[in-house]
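Q: Sharing my_file25.pdb here; it has PDB, C-alpha atoms, pLDDT in the B column.
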```pdb
ATOM      1  CA  MET A   6     106.957 146.323  68.502  1.00 44.00           C
ATOM      2  CA  SER A   7     103.405 147.531  68.934  1.00 46.00           C
ATOM      3  CA  SER A   8     101.916 147.681  72.392  1.00 49.00           C
ATOM      4  CA  GLY A   9     100.199 144.521  73.503  1.00 50.00           C
ATOM      5  CA  SER A  10     102.238 142.229  71.268  1.00 48.00           C
ATOM      6  CA  VAL A  11     104.167 139.374  72.776  1.00 49.00           C
ATOM      7  CA  CYS A  12     107.567 138.266  71.594  1.00 45.00           C
ATOM      8  CA  LYS A  13     107.614 134.483  71.235  1.00 48.00           C
ATOM      9  CA  VAL A  14     110.941 132.708  71.226  1.00 49.00           C
ATOM     10  CA  GLN A  15     111.187 129.231  69.802  1.00 57.00           C
ATOM     11  CA  ILE A  16     113.108 126.911  72.141  1.00 53.00           C
ATOM     12  CA  PRO A  17     114.674 123.860  70.477  1.00 58.00           C
ATOM     13  CA  ASN A  18     113.430 120.475  71.708  1.00 60.00           C
ATOM     14  CA  LYS A  19     116.925 119.448  72.803  1.00 57.00           C
ATOM     15  CA  LEU A  20     117.100 122.457  75.119  1.00 54.00           C
ATOM     16  CA  LYS A  21     113.650 121.662  76.529  1.00 52.00           C
ATOM     17  CA  LEU A  22     114.758 118.113  77.295  1.00 52.00           C
ATOM     18  CA  PHE A  23     117.964 119.389  78.895  1.00 48.00           C
ATOM     19  CA  VAL A  24     116.018 121.762  81.151  1.00 48.00           C
ATOM     20  CA  LEU A  25     113.668 118.940  82.176  1.00 50.00           C
ATOM     21  CA  TYR A  26     116.658 116.693  82.889  1.00 49.00           C
ATOM     22  CA  MET A  27     118.325 119.348  85.041  1.00 49.00           C
ATOM     23  CA  LYS A  28     115.130 119.755  87.085  1.00 58.00           C
ATOM     24  CA  ARG A  29     115.214 116.076  88.102  1.00 72.00           C
ATOM     25  CA  ILE A  30     116.119 115.391  91.692  1.00 83.00           C
ATOM     26  CA  SER A  31     119.597 113.923  91.845  1.00 89.00           C
ATOM     27  CA  ILE A  32     120.128 110.558  93.487  1.00 92.00           C
ATOM     28  CA  ASP A  33     123.118 108.244  93.627  1.00 94.00           C
ATOM     29  CA  LEU A  34     121.898 105.011  92.043  1.00 95.00           C
ATOM     30  CA  LYS A  35     124.913 103.066  93.314  1.00 95.00           C
ATOM     31  CA  ALA A  36     124.225 104.176  96.910  1.00 96.00           C
ATOM     32  CA  VAL A  37     120.553 103.168  96.643  1.00 97.00           C
ATOM     33  CA  LYS A  38     121.508  99.703  95.389  1.00 97.00           C
ATOM     34  CA  ALA A  39     124.043  99.345  98.212  1.00 97.00           C
ATOM     35  CA  ALA A  40     121.480 100.410 100.831  1.00 97.00           C
ATOM     36  CA  VAL A  41     118.541  98.152  99.917  1.00 98.00           C
ATOM     37  CA  SER A  42     118.861  94.513  98.892  1.00 97.00           C
ATOM     38  CA  LEU A  43     116.615  92.796  96.386  1.00 97.00           C
ATOM     39  CA  GLU A  44     115.536  90.438  99.172  1.00 96.00           C
ATOM     40  CA  ARG A  45     114.329  93.438 101.185  1.00 97.00           C
ATOM     41  CA  LEU A  46     112.404  94.751  98.175  1.00 97.00           C
ATOM     42  CA  LEU A  47     110.728  91.367  97.697  1.00 96.00           C
ATOM     43  CA  GLY A  48     109.601  91.632 101.326  1.00 96.00           C
ATOM     44  CA  TYR A  49     108.326  95.168 100.751  1.00 97.00           C
ATOM     45  CA  TYR A  50     106.168  93.949  97.863  1.00 96.00           C
ATOM     46  CA  GLY A  51     105.032  90.876  99.818  1.00 94.00           C
ATOM     47  CA  PHE A  52     106.637  88.387  97.427  1.00 92.00           C
ATOM     48  CA  LYS A  53     109.389  86.986  99.652  1.00 92.00           C
ATOM     49  CA  SER A  54     106.948  84.679 101.435  1.00 91.00           C
ATOM     50  CA  LYS A  55     105.963  83.166  98.050  1.00 89.00           C
ATOM     51  CA  MET A  56     109.576  82.327  97.186  1.00 92.00           C
ATOM     52  CA  GLN A  57     111.473  79.165  98.133  1.00 93.00           C
ATOM     53  CA  PRO A  58     115.221  78.916  98.764  1.00 93.00           C
ATOM     54  CA  THR A  59     117.229  76.795  96.352  1.00 91.00           C
ATOM     55  CA  ARG A  60     119.085  73.720  97.649  1.00 89.00           C
ATOM     56  CA  ASN A  61     122.289  75.623  98.368  1.00 87.00           C
ATOM     57  CA  GLY A  62     120.364  78.585  99.828  1.00 85.00           C
ATOM     58  CA  SER A  63     122.066  81.209  97.679  1.00 90.00           C
ATOM     59  CA  SER A  64     118.973  81.933  95.566  1.00 95.00           C
ATOM     60  CA  LEU A  65     115.207  82.164  95.778  1.00 95.00           C
ATOM     61  CA  VAL A  66     112.749  80.805  93.205  1.00 94.00           C
ATOM     62  CA  GLY A  67     109.035  81.222  92.801  1.00 92.00           C
ATOM     63  CA  PRO A  68     106.229  82.512  90.615  1.00 90.00           C
ATOM     64  CA  CYS A  69     107.000  85.709  88.770  1.00 88.00           C
ATOM     65  CA  PRO A  70     105.602  88.844  90.446  1.00 87.00           C
ATOM     66  CA  ILE A  71     105.803  90.649  87.094  1.00 86.00           C
ATOM     67  CA  HIS A  72     103.571  88.113  85.334  1.00 80.00           C
ATOM     68  CA  PRO A  73     100.816  87.233  87.813  1.00 71.00           C
ATOM     69  CA  GLY A  74      99.279  83.909  86.991  1.00 67.00           C
ATOM     70  CA  ASP A  75     102.554  82.257  86.041  1.00 65.00           C
ATOM     71  CA  SER A  76     102.842  79.015  87.897  1.00 68.00           C
ATOM     72  CA  GLY A  77     106.012  77.303  88.938  1.00 79.00           C
ATOM     73  CA  ASN A  78     109.451  78.605  89.600  1.00 85.00           C
ATOM     74  CA  VAL A  79     110.031  80.923  86.645  1.00 90.00           C
ATOM     75  CA  PHE A  80     111.375  83.800  88.763  1.00 92.00           C
ATOM     76  CA  LYS A  81     114.851  83.427  90.259  1.00 94.00           C
ATOM     77  CA  VAL A  82     116.723  85.804  92.571  1.00 96.00           C
ATOM     78  CA  THR A  83     120.444  85.438  93.236  1.00 96.00           C
ATOM     79  CA  LEU A  84     120.727  86.937  96.713  1.00 94.00           C
ATOM     80  CA  SER A  85     124.496  87.487  96.792  1.00 94.00           C
ATOM     81  CA  ARG A  86     124.431  89.468  93.548  1.00 96.00           C
ATOM     82  CA  ASN A  87     121.072  91.236  94.017  1.00 97.00           C
ATOM     83  CA  ARG A  88     120.073  90.036  90.550  1.00 97.00           C
ATOM     84  CA  TRP A  89     116.803  88.563  89.285  1.00 96.00           C
ATOM     85  CA  VAL A  90     115.650  86.878  86.104  1.00 94.00           C
ATOM     86  CA  CYS A  91     112.266  85.808  84.786  1.00 91.00           C
ATOM     87  CA  HIS A  92     112.455  82.549  82.841  1.00 87.00           C
ATOM     88  CA  ASN A  93     109.005  83.029  81.311  1.00 84.00           C
ATOM     89  CA  HIS A  94     109.517  82.175  77.629  1.00 80.00           C
ATOM     90  CA  ALA A  95     107.650  85.316  76.522  1.00 77.00           C
ATOM     91  CA  CYS A  96     109.559  87.676  78.813  1.00 78.00           C
ATOM     92  CA  ARG A  97     113.120  86.772  79.788  1.00 79.00           C
ATOM     93  CA  CYS A  98     113.501  90.090  81.641  1.00 89.00           C
ATOM     94  CA  ARG A  99     116.239  90.498  84.244  1.00 94.00           C
ATOM     95  CA  GLY A 100     118.051  93.078  86.302  1.00 96.00           C
ATOM     96  CA  ASN A 101     118.948  94.479  89.705  1.00 97.00           C
ATOM     97  CA  GLN A 102     116.949  96.178  92.468  1.00 97.00           C
ATOM     98  CA  LEU A 103     116.310  99.342  90.457  1.00 97.00           C
ATOM     99  CA  ASP A 104     115.215  97.376  87.400  1.00 97.00           C
ATOM    100  CA  PHE A 105     112.821  95.323  89.524  1.00 96.00           C
ATOM    101  CA  VAL A 106     111.124  98.398  91.012  1.00 97.00           C
ATOM    102  CA  ALA A 107     111.078 100.089  87.585  1.00 96.00           C
ATOM    103  CA  VAL A 108     109.215  97.113  86.093  1.00 94.00           C
ATOM    104  CA  MET A 109     106.841  96.787  89.049  1.00 94.00           C
ATOM    105  CA  GLU A 110     106.060 100.530  89.177  1.00 95.00           C
ATOM    106  CA  LYS A 111     106.188 101.116  85.405  1.00 94.00           C
ATOM    107  CA  CYS A 112     108.778 103.894  85.665  1.00 94.00           C
ATOM    108  CA  ASP A 113     112.431 104.492  84.774  1.00 94.00           C
ATOM    109  CA  THR A 114     115.337 103.522  87.036  1.00 94.00           C
ATOM    110  CA  HIS A 115     115.831 107.090  88.261  1.00 93.00           C
ATOM    111  CA  GLU A 116     112.249 107.255  89.485  1.00 94.00           C
ATOM    112  CA  ALA A 117     112.631 103.738  90.927  1.00 96.00           C
ATOM    113  CA  ALA A 118     115.633 104.927  92.958  1.00 96.00           C
ATOM    114  CA  LEU A 119     113.631 107.893  94.266  1.00 95.00           C
ATOM    115  CA  LYS A 120     110.778 105.561  95.260  1.00 96.00           C
ATOM    116  CA  ILE A 121     113.159 103.222  97.123  1.00 97.00           C
ATOM    117  CA  ASP A 122     114.724 106.231  98.849  1.00 96.00           C
ATOM    118  CA  ARG A 123     111.269 107.387  99.977  1.00 96.00           C
ATOM    119  CA  TRP A 124     109.968 103.933 101.006  1.00 97.00           C
ATOM    120  CA  PHE A 125     113.010 103.102 103.145  1.00 97.00           C
ATOM    121  CA  SER A 126     113.756 106.661 104.364  1.00 96.00           C
ATOM    122  CA  LEU A 127     117.310 106.544 103.018  1.00 96.00           C
ATOM    123  CA  GLY A 128     117.725 110.303 102.710  1.00 94.00           C
ATOM    124  CA  LEU A 129     119.791 109.991  99.523  1.00 94.00           C
ATOM    125  CA  ALA A 130     117.613 112.115  97.218  1.00 91.00           C
ATOM    126  CA  GLY A 131     119.287 115.405  96.371  1.00 85.00           C
ATOM    127  CA  LYS A 132     122.671 114.221  97.643  1.00 74.00           C
ATOM    128  CA  VAL A 133     125.612 113.029  95.591  1.00 59.00           C
ATOM    129  CA  THR A 134     127.805 110.582  97.514  1.00 52.00           C
ATOM    130  CA  SER A 135     129.430 108.250  94.989  1.00 48.00           C
ATOM    131  CA  LYS A 136     133.011 109.156  94.029  1.00 51.00           C
ATOM    132  CA  SER A 137     132.315 108.278  90.404  1.00 45.00           C
ATOM    133  CA  VAL A 138     129.452 110.774  90.291  1.00 45.00           C
ATOM    134  CA  LEU A 139     131.516 113.474  92.006  1.00 43.00           C
ATOM    135  CA  GLN A 140     134.350 112.990  89.541  1.00 43.00           C
ATOM    136  CA  ARG A 141     132.029 113.673  86.591  1.00 46.00           C
ATOM    137  CA  ILE A 142     130.919 117.019  88.065  1.00 43.00           C
TER
END
```
Can the structure from this file be put into structure tokens for me?
A:
Amino acid sequence: MSSGSVCKVQIPNKLKLFVLYMKRISIDLKAVKAAVSLERLLGYYGFKSKMQPTRNGSSLVGPCPIHPGDSGNVFKVTLSRNRWVCHNHACRCRGNQLDFVAVMEKCDTHEAALKIDRWFSLGLAGKVTSKSVLQRI
């Protein structure tokens, strides 16, 4: 090699993606979901006050926070299961706490878990606590 030349190594895209994945901060998604209820997240976003309990009290209904401007009770939260669904005919999206934050913040569920951890000072980021996660390592 002549002086001043630089050796350039081509790194395959799959390896680049793997390196980026490994740099992500680990967080136990199951532990985050167990720590923060969907009802608590609705309160954090200021939507809980806009929701009404159903007759049996096991669910909340109200306008969809994902589709501002929707009127009526198109958004339903089942409190005991920490699940939500939007009955807007054009959407029909649904999920759990992580899915809700991911939709609201326009991010993936991993980033949503990190945001919840930060907002509620859970201290779970960087720690692996779930047995199922530990068994895979």
Q: If we count all atoms listed in the file, what is near Val82 (chain A) at a cut-off of 7 Å, once residues fewer than 4 positions away on the same chain are taken out, given as number ranges by chain?
A: A: 64-66, 88-90
Q: Convert the output of the PyMOL selection byres ((chain A and resi 118) around 12) on the shown file into explicit residues, formatted as JSON, numbers by chain.
A: {"A": [30, 31, 32, 33, 34, 35, 36, 37, 38, 39, 40, 41, 46, 101, 102, 103, 104, 105, 106, 107, 110, 112, 113, 114, 115, 116, 117, 119, 120, 121, 122, 123, 124, 125, 126, 127, 128, 129, 130, 131]}
Q: Box time for region 110-120 of chain A: axis-aligned, enclosing all its listed atoms, 6 Å extra on each side; report centre and edge lengths in Å to one decimal, as JSON.
A:
```
{"center_x": 110.9, "center_y": 104.2, "center_z": 90.0, "size_x": 21.8, "size_y": 19.4, "size_z": 22.5}
```
Q: Between A:Arg29, A:His72, A:Arg60, A:Lys53, which residue has the minimum interatomic distance to Met109 (chain A), considering all atoms listed in the file?
A: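 So, comparing all the options, the nearest one is A:His72.
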Q: Just give me the gap between CA of Gly67 (chain A) and CA of Lys81 (chain A) in Å, one decimal is fine.
A: 6.7 Å
Q: Between A:Gln57, A:Cys96, A:Gly62, A:Gly48, single out the one closest to Asn78 (chain A), counting all atoms listed in the file.
A: A:Gln57
Q: Which value, in Å to one decimal, gives the distance between CA of Phe52 (chain A) and CA of Thr83 (chain A)?
A: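 Separation between CA of Phe52 (chain A) and CA of Thr83 (chain A): 14.7 Å.
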Q: CA of Lys111 (chain A) and CA of Ala95 (chain A), how far apart in Å?
A: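 We find that CA of Ala95 (chain A) and CA of Lys111 (chain A) lie 18.2 Å from each other.
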Q: Please determine, counting all atoms listed in the file, which residue among A:Gly51, A:Pro73, A:Gly100, A:Pro68 has the shortest atom-to-atom distance to Asn87 (chain A).
A: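 The answer is A:Gly100, which sits nearest to Asn87 (chain A).
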